[in-house]
Amino acid sequence: MHRAAIDRLSAGQGPGKDGAPGVWRTAHQATSSSVNKKILIGALSAALVLGLAVAIPLALRGEGTRHADQAAMLRAVPAAAKAELGGRGQPLEGALACESMEGASADRLLVRCTGQTAAKKPVHVFGAAMPSARREYYTILVDGRPLVKNAPCLGADCEDD
């Protein structure tokens, strides 16, 4: 091999004429450049998808549950339970009497209601909401049997879901 060719190879130039870059170097640079672009595009795409996967649920989530606090839940559950019972063919004879259950707190809203159907069957309504977890559960017992069991909503509140 000629000394000039060895110098060109050690300088990263291929076997071109008059010191011009060789074919293999140009192909190597093109391949390296396209690989770098593909990696960059892939990383940006992954970041965009991950960002959307986090942002969309947060945007749609809103804050807490339907009830801002224990007092709001105590006011709302009787009407929602009455509508639910009426829609299921078990109309109430009168209003439900509701109270906070033991263990209720700002992070755990707990309500218990009692009443009677028009057919004189006892009614018990239990509601639990955890605003930090955005979860609500309702159970209605009529004559000791579950009519609604761990439902996420009652009555007209279900139309919002």
# chains A, B, ... in the order shown; residues from 1 in each chain; ligands from 1

call {"tool": "residues_around", "arguments": {"residues": "Glu84 in chain A", "least_positions_apart": "4", "cutoff": "10 Å", "atoms": "only C-alpha atoms", "output": "ChimeraX atom specification"}}
result
/A:78-80,88-91,140,147-148,153-158

call {"tool": "write_last_selection", "arguments": {"atoms": "N, CA and C atoms", "output": "PDB file, in the first residue's frame"}}
result
ATOM      1  N   PRO A  78     -80.009  11.631  50.469  1.00  0.00           N
ATOM      2  CA  PRO A  78     -81.444  11.304  50.561  1.00  0.00           C
ATOM      3  C   PRO A  78     -82.191  11.456  49.238  1.00  0.00           C
ATOM      4  N   ALA A  79     -81.951  12.531  48.518  1.00  0.00           N
ATOM      5  CA  ALA A  79     -82.660  12.745  47.244  1.00  0.00           C
ATOM      6  C   ALA A  79     -82.212  11.728  46.195  1.00  0.00           C
ATOM      7  N   ALA A  80     -80.897  11.456  46.146  1.00  0.00           N
ATOM      8  CA  ALA A  80     -80.400  10.491  45.165  1.00  0.00           C
ATOM      9  C   ALA A  80     -80.929   9.089  45.464  1.00  0.00           C
ATOM     10  N   ARG A  88     -86.508   1.950  40.811  1.00  0.00           N
ATOM     11  CA  ARG A  88     -86.463   0.488  40.919  1.00  0.00           C
ATOM     12  C   ARG A  88     -87.766  -0.093  41.482  1.00  0.00           C
ATOM     13  N   GLY A  89     -88.809   0.713  41.477  1.00  0.00           N
ATOM     14  CA  GLY A  89     -90.116   0.224  41.905  1.00  0.00           C
ATOM     15  C   GLY A  89     -90.289   0.091  43.406  1.00  0.00           C
ATOM     16  N   GLN A  90     -89.510   0.824  44.175  1.00  0.00           N
ATOM     17  CA  GLN A  90     -89.610   0.779  45.633  1.00  0.00           C
ATOM     18  C   GLN A  90     -89.736   2.211  46.166  1.00  0.00           C
ATOM     19  N   PRO A  91     -90.843   2.893  45.893  1.00  0.00           N
ATOM     20  CA  PRO A  91     -90.971   4.281  46.344  1.00  0.00           C
ATOM     21  C   PRO A  91     -90.979   4.371  47.872  1.00  0.00           C
ATOM     22  N   ILE A 140     -77.962  -0.092  48.959  1.00  0.00           N
ATOM     23  CA  ILE A 140     -79.320   0.089  49.482  1.00  0.00           C
ATOM     24  C   ILE A 140     -79.886  -1.285  49.803  1.00  0.00           C
ATOM     25  N   LEU A 147     -80.678  -4.149  47.230  1.00  0.00           N
ATOM     26  CA  LEU A 147     -81.306  -3.685  45.984  1.00  0.00           C
ATOM     27  C   LEU A 147     -80.222  -3.057  45.113  1.00  0.00           C
ATOM     28  N   VAL A 148     -79.295  -2.356  45.749  1.00  0.00           N
ATOM     29  CA  VAL A 148     -78.136  -1.743  45.090  1.00  0.00           C
ATOM     30  C   VAL A 148     -76.923  -2.159  45.917  1.00  0.00           C
ATOM     31  N   CYS A 153     -72.812   5.362  41.952  1.00  0.00           N
ATOM     32  CA  CYS A 153     -73.684   6.542  41.983  1.00  0.00           C
ATOM     33  C   CYS A 153     -75.118   6.088  42.258  1.00  0.00           C
ATOM     34  N   LEU A 154     -75.987   7.054  42.535  1.00  0.00           N
ATOM     35  CA  LEU A 154     -77.407   6.780  42.772  1.00  0.00           C
ATOM     36  C   LEU A 154     -78.255   7.782  42.007  1.00  0.00           C
ATOM     37  N   GLY A 155     -79.408   7.335  41.532  1.00  0.00           N
ATOM     38  CA  GLY A 155     -80.390   8.230  40.935  1.00  0.00           C
ATOM     39  C   GLY A 155     -79.856   9.110  39.818  1.00  0.00           C
ATOM     40  N   ALA A 156     -80.202  10.394  39.885  1.00  0.00           N
ATOM     41  CA  ALA A 156     -79.816  11.346  38.840  1.00  0.00           C
ATOM     42  C   ALA A 156     -78.317  11.557  38.771  1.00  0.00           C
ATOM     43  N   ASP A 157     -77.576  11.278  39.855  1.00  0.00           N
ATOM     44  CA  ASP A 157     -76.117  11.410  39.827  1.00  0.00           C
ATOM     45  C   ASP A 157     -75.496  10.491  38.788  1.00  0.00           C
ATOM     46  N   CYS A 158     -76.164   9.373  38.485  1.00  0.00           N
ATOM     47  CA  CYS A 158     -75.637   8.428  37.512  1.00  0.00           C
ATOM     48  C   CYS A 158     -75.708   8.981  36.089  1.00  0.00           C
TER      49      CYS A 158
END

call {"tool": "residues_around", "arguments": {"residues": "Val111 in chain A", "least_positions_apart": "5", "cutoff": "6 Å", "atoms": "only C-alpha atoms", "output": "PyMOL selection string"}}
result
chain A and resi 99-101+126-127

call {"tool": "residues_around", "arguments": {"residues": "Ser105 in chain A", "least_positions_apart": "3", "cutoff": "12 Å", "atoms": "only C-alpha atoms", "output": "list in words"}}
result
Ala68, Asp69, Gln70, Ala71, Met73, Ser100, Met101, Glu102, Arg108, Leu109, Leu110, Val111, Ala128, Ala129, Met130, Pro131 and Ser132 of chain A

call {"tool": "atom_distance", "arguments": {"atom1": "CA of Pro122 in chain A", "atom2": "CA of Glu136 in chain A"}}
result
23.3 Å

call {"tool": "residues_around", "arguments": {"residues": "Leu96 in chain A", "least_positions_apart": "5", "cutoff": "9 Å", "atoms": "only C-alpha atoms", "output": "JSON, numbers by chain"}}
result
{"A": [78, 79, 81, 82, 113, 114, 115, 116, 123, 124, 125]}

call {"tool": "residues_around", "arguments": {"residues": "Ala151 in chain A", "least_positions_apart": "4", "cutoff": "8 Å", "atoms": "only C-alpha atoms", "output": "PDB file with C-alpha atoms, in the first residue's frame"}}
result
ATOM      1  CA  GLU A 136     -67.918   6.527  45.784  1.00  0.00           C
ATOM      2  CA  TYR A 137     -69.882   3.455  46.817  1.00  0.00           C
ATOM      3  CA  TYR A 138     -73.574   3.135  47.646  1.00  0.00           C
ATOM      4  CA  THR A 139     -75.566   0.177  48.938  1.00  0.00           C
TER       5      THR A 139
END

call {"tool": "atom_distance", "arguments": {"atom1": "CA of Leu92 in chain A", "atom2": "CA of Gly144 in chain A"}}
result
15.3 Å
